Amino acid sequence: MNKFIALLFFTLLVSCADSSVMQPFDKSQKPAQVTIKGYSKPDVLQLRLNGTPVSINGSTSYTNKIETRLDFVLDEGETDRLGIYNNETGAEVAHYNMTYNNIDDYKTLNFFNLPGIFLQASAVKPQVNLGKVGFEFIFPNLGEYSGTTLANVKGILRRENGVVLAEFDNIGKKSFTEVKIYNYFSNTAPVYLELYKSGTSTPYIGSEIIKVKIKQDMGANLIVIQEKMENGVLTVKGDIDVADYL
């Protein structure tokens, strides 16, 4: 009888040992923190992490300034999905797939959801003294319709009579340029931004000079340049000023 009990105990011990080998420990994990700095007007948005609405100050829908921090745990080999949705229509505006390996790319998410564009960039309204005009530019969809593979372009800002007001060596897709400031000269006269391949006097597409009409306001102007198709024709516009929303 004692031998039988000993044998049974040994069998159970081996079985438990085998089970521990077959059942892996918890997957590797690490904490994640994502700081969100967004803005939306006029649309009301909702953030969802893995399908669950994110509450900000007790609300799961928000407009104007949208700021919060998400704290969660990432499992190696799995993907956590952060979606941005139009709260009224339910349509997805943007999403981000965050993993154990790429989470450092998402430590801070900046966005502006404005009429006609979702801009993934940060923007700070620069200090511009009275009687001065300041311009910054960004070109987020460079190449979308033109097909160019350029990462940035050169911009020359001119008065209607051709006088150069400022030059921008690198207008890129991901961030605004440094501010360039000049004396304010008119509340009605437009200015024009000419776009060239960086470091050249060659238009960034085609052979004719590309001139983008820009409305100038006294103070700061943060202009979003966009390629658009209008009636089948490629055009370049600069009619969104993020400064109007800051």
# chains A, B, ... in the order shown; residues from 1 in each chain; ligands from 1
>>> select_by_dssp(residues="range 13-152 of chain A", states="alpha helix (DSSP H)", output="mmCIF file with all heavy atoms, in the first residue's frame")
data_model
loop_
_atom_site.group_PDB
_atom_site.id
_atom_site.type_symbol
_atom_site.label_atom_id
_atom_site.label_comp_id
_atom_site.auth_asym_id
_atom_site.auth_seq_id
_atom_site.Cartn_x
_atom_site.Cartn_y
_atom_site.Cartn_z
ATOM 1 N N LEU A 13 3.600 14.345 -9.207
ATOM 2 C CA LEU A 13 4.714 15.288 -9.222
ATOM 3 C C LEU A 13 5.239 15.485 -10.630
ATOM 4 O O LEU A 13 5.470 16.603 -11.081
ATOM 5 C CB LEU A 13 5.821 14.787 -8.291
ATOM 6 C CG LEU A 13 7.015 15.729 -8.083
ATOM 7 C CD1 LEU A 13 6.552 17.023 -7.412
ATOM 8 C CD2 LEU A 13 8.091 15.047 -7.242
ATOM 9 N N VAL A 14 5.406 14.381 -11.365
ATOM 10 C CA VAL A 14 5.890 14.450 -12.750
ATOM 11 C C VAL A 14 4.883 15.157 -13.621
ATOM 12 O O VAL A 14 5.220 15.983 -14.476
ATOM 13 C CB VAL A 14 6.184 13.027 -13.282
ATOM 14 C CG1 VAL A 14 6.479 13.092 -14.777
ATOM 15 C CG2 VAL A 14 7.350 12.413 -12.527
ATOM 16 N N SER A 15 3.593 14.868 -13.385
ATOM 17 C CA SER A 15 2.541 15.493 -14.168
ATOM 18 C C SER A 15 2.549 16.994 -13.987
ATOM 19 O O SER A 15 2.428 17.763 -14.940
ATOM 20 C CB SER A 15 1.182 14.909 -13.769
ATOM 21 O OG SER A 15 0.137 15.581 -14.451
ATOM 22 N N CYS A 16 2.696 17.454 -12.742
ATOM 23 C CA CYS A 16 2.759 18.891 -12.458
ATOM 24 C C CYS A 16 3.974 19.539 -13.102
ATOM 25 O O CYS A 16 3.918 20.638 -13.624
ATOM 26 C CB CYS A 16 2.788 19.123 -10.944
ATOM 27 S SG CYS A 16 1.217 18.741 -10.145
ATOM 28 N N ALA A 17 5.087 18.843 -13.067
ATOM 29 C CA ALA A 17 6.315 19.363 -13.679
ATOM 30 C C ALA A 17 6.144 19.515 -15.168
ATOM 31 O O ALA A 17 6.528 20.521 -15.765
ATOM 32 C CB ALA A 17 7.485 18.425 -13.358
ATOM 33 N N ASP A 18 5.521 18.504 -15.818
ATOM 34 C CA ASP A 18 5.292 18.589 -17.257
ATOM 35 C C ASP A 18 4.361 19.739 -17.600
ATOM 36 O O ASP A 18 4.541 20.443 -18.578
ATOM 37 C CB ASP A 18 4.687 17.273 -17.771
ATOM 38 C CG ASP A 18 5.708 16.138 -17.758
ATOM 39 O OD1 ASP A 18 6.908 16.460 -17.661
ATOM 40 O OD2 ASP A 18 5.291 14.968 -17.846
ATOM 41 N N SER A 19 3.337 19.924 -16.732
ATOM 42 C CA SER A 19 2.374 20.991 -16.972
ATOM 43 C C SER A 19 3.042 22.347 -16.916
ATOM 44 O O SER A 19 2.753 23.234 -17.713
ATOM 45 C CB SER A 19 1.247 20.910 -15.940
ATOM 46 O OG SER A 19 0.345 21.983 -16.101
ATOM 47 N N SER A 20 3.985 22.518 -15.971
ATOM 48 C CA SER A 20 4.665 23.804 -15.847
ATOM 49 C C SER A 20 5.531 24.087 -17.051
ATOM 50 O O SER A 20 5.752 25.226 -17.418
ATOM 51 C CB SER A 20 5.510 23.826 -14.559
ATOM 52 O OG SER A 20 6.578 22.905 -14.649
ATOM 53 N N VAL A 21 6.033 23.046 -17.691
ATOM 54 C CA VAL A 21 6.843 23.227 -18.891
ATOM 55 C C VAL A 21 5.968 23.617 -20.064
ATOM 56 O O VAL A 21 6.289 24.482 -20.870
ATOM 57 C CB VAL A 21 7.626 21.934 -19.211
ATOM 58 C CG1 VAL A 21 8.315 22.056 -20.563
ATOM 59 C CG2 VAL A 21 8.644 21.660 -18.118
ATOM 60 N N MET A 22 4.794 23.006 -20.161
ATOM 61 C CA MET A 22 3.914 23.234 -21.301
ATOM 62 C C MET A 22 3.216 24.590 -21.212
ATOM 63 O O MET A 22 2.902 25.190 -22.224
ATOM 64 C CB MET A 22 2.875 22.115 -21.378
ATOM 65 C CG MET A 22 3.454 20.749 -21.690
ATOM 66 S SD MET A 22 2.207 19.443 -21.626
ATOM 67 C CE MET A 22 1.114 19.959 -22.932
#
>>> residues_around(residues="Lys211 in chain A", least_positions_apart="6", cutoff="10 Å", atoms="only C-alpha atoms", output="PDB file with C-alpha atoms, in the first residue's frame")
ATOM      1  CA  GLY A 155       9.378  78.390 -50.574  1.00  0.00           C
ATOM      2  CA  ILE A 156       9.829  82.029 -51.537  1.00  0.00           C
ATOM      3  CA  LEU A 157       7.192  84.404 -50.212  1.00  0.00           C
ATOM      4  CA  ARG A 158       6.681  87.461 -52.410  1.00  0.00           C
ATOM      5  CA  VAL A 191       1.091  87.485 -50.922  1.00  0.00           C
ATOM      6  CA  TYR A 192       2.297  84.545 -53.000  1.00  0.00           C
ATOM      7  CA  LEU A 193       4.384  81.522 -52.038  1.00  0.00           C
ATOM      8  CA  GLU A 194       6.470  80.095 -54.872  1.00  0.00           C
ATOM      9  CA  LEU A 195       7.470  76.456 -54.468  1.00  0.00           C
ATOM     10  CA  TYR A 196      10.737  74.981 -55.764  1.00  0.00           C
ATOM     11  CA  PRO A 203       9.617  74.290 -59.685  1.00  0.00           C
ATOM     12  CA  THR A 235      -3.662  72.745 -57.870  1.00  0.00           C
ATOM     13  CA  VAL A 236      -1.749  73.807 -54.760  1.00  0.00           C
ATOM     14  CA  LYS A 237      -3.635  75.705 -52.075  1.00  0.00           C
TER      15      LYS A 237
END
>>> residues_around(residues="Pro31 in chain A", least_positions_apart="4", cutoff="9 Å", atoms="only C-alpha atoms", output="compact mmCIF listing (two decimals) with C-alpha atoms, in the first residue's frame")
# COMPACT_ATOMS: atom_id res chain seq x y z
CA ASP A 71 -1.57 54.68 -19.26
CA PHE A 72 -1.79 50.99 -20.14
CA VAL A 73 0.23 47.80 -20.38
CA LEU A 74 1.61 46.42 -23.64
>>> atom_distance(atom1="CA of Glu78 in chain A", atom2="CA of Asn50 in chain A")
11.4 Å
>>> residues_around(residues="Gly172 in chain A", least_positions_apart="3", cutoff="10 Å", atoms="only C-alpha atoms", output="PyMOL selection string")
chain A and resi 137-142+150-154+169+175-177+225
>>> residues_around(residues="Val128 in chain A", least_positions_apart="2", cutoff="9 Å", atoms="only C-alpha atoms", output="list of chain:residue names")
A:Lys125, A:Pro126, A:Leu130, A:Gly131, A:Lys132, A:Val133, A:Gly134, A:Ile181, A:Met218, A:Gly219, A:Ala220
>>> write_last_selection(atoms="all heavy atoms", output="CSV table (one decimal), in the first residue's frame")
chain,number,residue,atom,x,y,z
A,125,LYS,N,1.7,78.9,-31.5
A,125,LYS,CA,1.6,80.2,-32.1
A,125,LYS,C,2.8,81.1,-31.7
A,125,LYS,O,3.0,81.4,-30.5
A,125,LYS,CB,0.3,80.9,-31.7
A,125,LYS,CG,-0.2,82.0,-32.6
A,125,LYS,CD,-1.6,82.5,-32.2
A,125,LYS,CE,-2.1,83.5,-33.1
A,125,LYS,NZ,-3.5,83.9,-32.8
A,126,PRO,N,3.6,81.5,-32.7
A,126,PRO,CA,4.8,82.3,-32.3
A,126,PRO,C,4.4,83.7,-31.9
A,126,PRO,O,3.4,84.3,-32.3
A,126,PRO,CB,5.6,82.3,-33.6
A,126,PRO,CG,4.5,82.2,-34.7
A,126,PRO,CD,3.5,81.3,-34.1
A,130,LEU,N,3.4,93.8,-32.7
A,130,LEU,CA,2.5,94.6,-33.4
A,130,LEU,C,3.1,95.3,-34.6
A,130,LEU,O,4.2,95.8,-34.5
A,130,LEU,CB,1.9,95.7,-32.4
A,130,LEU,CG,0.8,96.6,-32.9
A,130,LEU,CD1,-0.5,95.7,-33.2
A,130,LEU,CD2,0.5,97.7,-32.0
A,131,GLY,N,2.4,95.3,-35.7
A,131,GLY,CA,2.9,95.9,-36.9
A,131,GLY,C,3.7,94.9,-37.8
A,131,GLY,O,4.3,95.3,-38.8
A,132,LYS,N,3.9,93.7,-37.3
A,132,LYS,CA,4.7,92.7,-38.0
A,132,LYS,C,3.8,91.5,-38.5
A,132,LYS,O,2.7,91.3,-38.0
A,132,LYS,CB,5.8,92.1,-37.1
A,132,LYS,CG,6.7,93.2,-36.6
A,132,LYS,CD,7.7,93.6,-37.6
A,132,LYS,CE,8.8,94.6,-37.0
A,132,LYS,NZ,9.8,95.0,-38.0
A,133,VAL,N,4.3,90.8,-39.4
A,133,VAL,CA,3.6,89.6,-39.9
A,133,VAL,C,4.6,88.4,-39.8
A,133,VAL,O,5.8,88.5,-40.2
A,133,VAL,CB,3.2,89.7,-41.4
A,133,VAL,CG1,2.5,88.4,-41.9
A,133,VAL,CG2,2.2,90.9,-41.5
A,134,GLY,N,4.1,87.3,-39.3
A,134,GLY,CA,5.0,86.1,-39.2
A,134,GLY,C,4.3,84.9,-39.9
A,134,GLY,O,3.1,84.7,-39.8
A,181,ILE,N,9.6,86.7,-40.2
A,181,ILE,CA,8.8,87.9,-39.8
A,181,ILE,C,9.2,89.0,-40.7
A,181,ILE,O,10.4,89.2,-41.0
A,181,ILE,CB,9.0,88.2,-38.4
A,181,ILE,CG1,8.5,87.1,-37.5
A,181,ILE,CG2,8.3,89.5,-38.0
A,181,ILE,CD1,8.8,87.2,-36.0
A,218,MET,N,-2.1,90.3,-39.9
A,218,MET,CA,-1.1,90.9,-39.0
A,218,MET,C,-0.9,89.9,-37.8
A,218,MET,O,-1.9,89.3,-37.3
A,218,MET,CB,-1.6,92.2,-38.4
A,218,MET,CG,-0.5,92.9,-37.6
A,218,MET,SD,-1.0,94.5,-36.9
A,218,MET,CE,-1.3,95.4,-38.4
A,219,GLY,N,0.3,89.6,-37.4
A,219,GLY,CA,0.6,88.7,-36.4
A,219,GLY,C,1.0,87.3,-37.0
A,219,GLY,O,1.6,87.3,-38.1
A,220,ALA,N,0.7,86.2,-36.3
A,220,ALA,CA,1.1,84.9,-36.7
A,220,ALA,C,0.2,84.3,-37.8
A,220,ALA,O,-1.0,84.4,-37.6
A,220,ALA,CB,1.3,84.0,-35.5
>>> residues_around(residues="Ala189 in chain A", least_positions_apart="4", cutoff="9 Å", atoms="only C-alpha atoms", output="ChimeraX atom specification")
/A:159-160,185,215-216
>>> atom_distance(atom1="CA of Val34 in chain A", atom2="CA of Leu109 in chain A")
7.2 Å
>>> closest_residue(among="A:Ala166, A:Ile56, A:Ile205, A:Leu45", to="Phe112 in chain A", atoms="only C-alpha atoms")
A:Leu45
>>> atom_distance(atom1="CA of Ile103 in chain A", atom2="CA of Ile36 in chain A")
13.6 Å
>>> closest_residue(among="A:Asp43, A:Glu230, A:Asp239, A:Glu136", to="Lys65 in chain A", atoms="only C-alpha atoms")
A:Asp43
>>> closest_residue(among="A:Gly206, A:Ala121, A:Gly162, A:Arg69", to="Asn57 in chain A", atoms="only C-alpha atoms")
A:Arg69
>>> decode(residues="range 43-71 of chain A", atoms="N, CA, C and O atoms", output="PDB file, in the first residue's frame")
ATOM      1  N   ASP A  43     -15.911  69.691 -35.477  1.00  0.00           N
ATOM      2  CA  ASP A  43     -16.335  68.319 -35.200  1.00  0.00           C
ATOM      3  C   ASP A  43     -16.065  67.908 -33.762  1.00  0.00           C
ATOM      4  O   ASP A  43     -15.039  68.284 -33.173  1.00  0.00           O
ATOM      5  N   VAL A  44     -16.975  67.116 -33.212  1.00  0.00           N
ATOM      6  CA  VAL A  44     -16.797  66.503 -31.908  1.00  0.00           C
ATOM      7  C   VAL A  44     -16.199  65.123 -32.119  1.00  0.00           C
ATOM      8  O   VAL A  44     -16.675  64.338 -32.949  1.00  0.00           O
ATOM      9  N   LEU A  45     -15.135  64.802 -31.392  1.00  0.00           N
ATOM     10  CA  LEU A  45     -14.416  63.544 -31.578  1.00  0.00           C
ATOM     11  C   LEU A  45     -14.576  62.620 -30.383  1.00  0.00           C
ATOM     12  O   LEU A  45     -14.987  63.031 -29.301  1.00  0.00           O
ATOM     13  N   GLN A  46     -14.219  61.355 -30.630  1.00  0.00           N
ATOM     14  CA  GLN A  46     -14.119  60.375 -29.546  1.00  0.00           C
ATOM     15  C   GLN A  46     -12.875  59.531 -29.782  1.00  0.00           C
ATOM     16  O   GLN A  46     -12.625  59.089 -30.905  1.00  0.00           O
ATOM     17  N   LEU A  47     -12.078  59.339 -28.744  1.00  0.00           N
ATOM     18  CA  LEU A  47     -10.931  58.446 -28.790  1.00  0.00           C
ATOM     19  C   LEU A  47     -11.349  57.085 -28.258  1.00  0.00           C
ATOM     20  O   LEU A  47     -12.100  57.002 -27.270  1.00  0.00           O
ATOM     21  N   ARG A  48     -10.864  56.016 -28.890  1.00  0.00           N
ATOM     22  CA  ARG A  48     -11.154  54.669 -28.415  1.00  0.00           C
ATOM     23  C   ARG A  48      -9.860  53.864 -28.377  1.00  0.00           C
ATOM     24  O   ARG A  48      -9.150  53.775 -29.389  1.00  0.00           O
ATOM     25  N   LEU A  49      -9.573  53.296 -27.216  1.00  0.00           N
ATOM     26  CA  LEU A  49      -8.415  52.420 -27.062  1.00  0.00           C
ATOM     27  C   LEU A  49      -8.921  50.988 -27.045  1.00  0.00           C
ATOM     28  O   LEU A  49      -9.664  50.595 -26.140  1.00  0.00           O
ATOM     29  N   ASN A  50      -8.541  50.236 -28.079  1.00  0.00           N
ATOM     30  CA  ASN A  50      -9.020  48.859 -28.248  1.00  0.00           C
ATOM     31  C   ASN A  50     -10.544  48.792 -28.181  1.00  0.00           C
ATOM     32  O   ASN A  50     -11.138  47.887 -27.588  1.00  0.00           O
ATOM     33  N   GLY A  51     -11.188  49.788 -28.796  1.00  0.00           N
ATOM     34  CA  GLY A  51     -12.636  49.810 -28.886  1.00  0.00           C
ATOM     35  C   GLY A  51     -13.350  50.457 -27.724  1.00  0.00           C
ATOM     36  O   GLY A  51     -14.559  50.705 -27.793  1.00  0.00           O
ATOM     37  N   THR A  52     -12.646  50.752 -26.643  1.00  0.00           N
ATOM     38  CA  THR A  52     -13.261  51.335 -25.456  1.00  0.00           C
ATOM     39  C   THR A  52     -13.095  52.855 -25.471  1.00  0.00           C
ATOM     40  O   THR A  52     -11.964  53.347 -25.578  1.00  0.00           O
ATOM     41  N   PRO A  53     -14.202  53.605 -25.374  1.00  0.00           N
ATOM     42  CA  PRO A  53     -14.098  55.072 -25.377  1.00  0.00           C
ATOM     43  C   PRO A  53     -13.211  55.582 -24.242  1.00  0.00           C
ATOM     44  O   PRO A  53     -13.259  55.073 -23.124  1.00  0.00           O
ATOM     45  N   VAL A  54     -12.414  56.592 -24.562  1.00  0.00           N
ATOM     46  CA  VAL A  54     -11.523  57.214 -23.579  1.00  0.00           C
ATOM     47  C   VAL A  54     -12.251  58.382 -22.924  1.00  0.00           C
ATOM     48  O   VAL A  54     -12.795  59.254 -23.612  1.00  0.00           O
ATOM     49  N   SER A  55     -12.265  58.397 -21.612  1.00  0.00           N
ATOM     50  CA  SER A  55     -12.902  59.484 -20.877  1.00  0.00           C
ATOM     51  C   SER A  55     -11.888  60.579 -20.580  1.00  0.00           C
ATOM     52  O   SER A  55     -10.798  60.314 -20.075  1.00  0.00           O
ATOM     53  N   ILE A  56     -12.252  61.818 -20.918  1.00  0.00           N
ATOM     54  CA  ILE A  56     -11.419  62.981 -20.617  1.00  0.00           C
ATOM     55  C   ILE A  56     -12.270  63.946 -19.800  1.00  0.00           C
ATOM     56  O   ILE A  56     -13.303  64.422 -20.282  1.00  0.00           O
ATOM     57  N   ASN A  57     -11.860  64.181 -18.574  1.00  0.00           N
ATOM     58  CA  ASN A  57     -12.620  65.047 -17.666  1.00  0.00           C
ATOM     59  C   ASN A  57     -14.070  64.600 -17.551  1.00  0.00           C
ATOM     60  O   ASN A  57     -15.007  65.422 -17.530  1.00  0.00           O
ATOM     61  N   GLY A  58     -14.268  63.275 -17.514  1.00  0.00           N
ATOM     62  CA  GLY A  58     -15.591  62.720 -17.320  1.00  0.00           C
ATOM     63  C   GLY A  58     -16.446  62.614 -18.561  1.00  0.00           C
ATOM     64  O   GLY A  58     -17.603  62.174 -18.486  1.00  0.00           O
ATOM     65  N   SER A  59     -15.909  62.988 -19.721  1.00  0.00           N
ATOM     66  CA  SER A  59     -16.681  62.935 -20.966  1.00  0.00           C
ATOM     67  C   SER A  59     -15.994  62.033 -21.985  1.00  0.00           C
ATOM     68  O   SER A  59     -14.756  61.986 -22.061  1.00  0.00           O
ATOM     69  N   THR A  60     -16.793  61.311 -22.775  1.00  0.00           N
ATOM     70  CA  THR A  60     -16.235  60.445 -23.820  1.00  0.00           C
ATOM     71  C   THR A  60     -16.387  61.057 -25.214  1.00  0.00           C
ATOM     72  O   THR A  60     -16.211  60.376 -26.217  1.00  0.00           O
ATOM     73  N   SER A  61     -16.733  62.328 -25.291  1.00  0.00           N
ATOM     74  CA  SER A  61     -16.725  63.065 -26.558  1.00  0.00           C
ATOM     75  C   SER A  61     -16.216  64.468 -26.267  1.00  0.00           C
ATOM     76  O   SER A  61     -16.488  65.021 -25.199  1.00  0.00           O
ATOM     77  N   TYR A  62     -15.490  65.066 -27.223  1.00  0.00           N
ATOM     78  CA  TYR A  62     -14.778  66.295 -26.916  1.00  0.00           C
ATOM     79  C   TYR A  62     -14.542  67.107 -28.189  1.00  0.00           C
ATOM     80  O   TYR A  62     -14.485  66.581 -29.305  1.00  0.00           O
ATOM     81  N   THR A  63     -14.393  68.406 -28.001  1.00  0.00           N
ATOM     82  CA  THR A  63     -14.097  69.313 -29.099  1.00  0.00           C
ATOM     83  C   THR A  63     -13.162  70.405 -28.587  1.00  0.00           C
ATOM     84  O   THR A  63     -12.865  70.464 -27.390  1.00  0.00           O
ATOM     85  N   ASN A  64     -12.708  71.258 -29.516  1.00  0.00           N
ATOM     86  CA  ASN A  64     -11.689  72.274 -29.193  1.00  0.00           C
ATOM     87  C   ASN A  64     -10.430  71.573 -28.668  1.00  0.00           C
ATOM     88  O   ASN A  64     -10.009  70.576 -29.236  1.00  0.00           O
ATOM     89  N   LYS A  65      -9.860  72.023 -27.565  1.00  0.00           N
ATOM     90  CA  LYS A  65      -8.614  71.425 -27.084  1.00  0.00           C
ATOM     91  C   LYS A  65      -8.892  70.042 -26.500  1.00  0.00           C
ATOM     92  O   LYS A  65      -9.799  69.866 -25.679  1.00  0.00           O
ATOM     93  N   ILE A  66      -8.101  69.060 -26.934  1.00  0.00           N
ATOM     94  CA  ILE A  66      -8.254  67.670 -26.480  1.00  0.00           C
ATOM     95  C   ILE A  66      -6.906  67.209 -25.947  1.00  0.00           C
ATOM     96  O   ILE A  66      -5.980  66.944 -26.717  1.00  0.00           O
ATOM     97  N   GLU A  67      -6.788  67.141 -24.629  1.00  0.00           N
ATOM     98  CA  GLU A  67      -5.515  66.766 -24.024  1.00  0.00           C
ATOM     99  C   GLU A  67      -5.740  65.734 -22.921  1.00  0.00           C
ATOM    100  O   GLU A  67      -6.621  65.894 -22.070  1.00  0.00           O
ATOM    101  N   THR A  68      -4.947  64.673 -22.954  1.00  0.00           N
ATOM    102  CA  THR A  68      -5.018  63.642 -21.925  1.00  0.00           C
ATOM    103  C   THR A  68      -3.768  62.777 -22.007  1.00  0.00           C
ATOM    104  O   THR A  68      -2.944  62.941 -22.917  1.00  0.00           O
ATOM    105  N   ARG A  69      -3.641  61.856 -21.055  1.00  0.00           N
ATOM    106  CA  ARG A  69      -2.555  60.877 -21.083  1.00  0.00           C
ATOM    107  C   ARG A  69      -3.147  59.493 -20.864  1.00  0.00           C
ATOM    108  O   ARG A  69      -3.938  59.280 -19.945  1.00  0.00           O
ATOM    109  N   LEU A  70      -2.745  58.569 -21.726  1.00  0.00           N
ATOM    110  CA  LEU A  70      -3.208  57.193 -21.608  1.00  0.00           C
ATOM    111  C   LEU A  70      -2.115  56.366 -20.942  1.00  0.00           C
ATOM    112  O   LEU A  70      -0.950  56.417 -21.348  1.00  0.00           O
ATOM    113  N   ASP A  71      -2.485  55.590 -19.936  1.00  0.00           N
ATOM    114  CA  ASP A  71      -1.569  54.683 -19.259  1.00  0.00           C
ATOM    115  C   ASP A  71      -2.125  53.262 -19.388  1.00  0.00           C
ATOM    116  O   ASP A  71      -3.266  53.004 -18.966  1.00  0.00           O
TER     117      ASP A  71
END
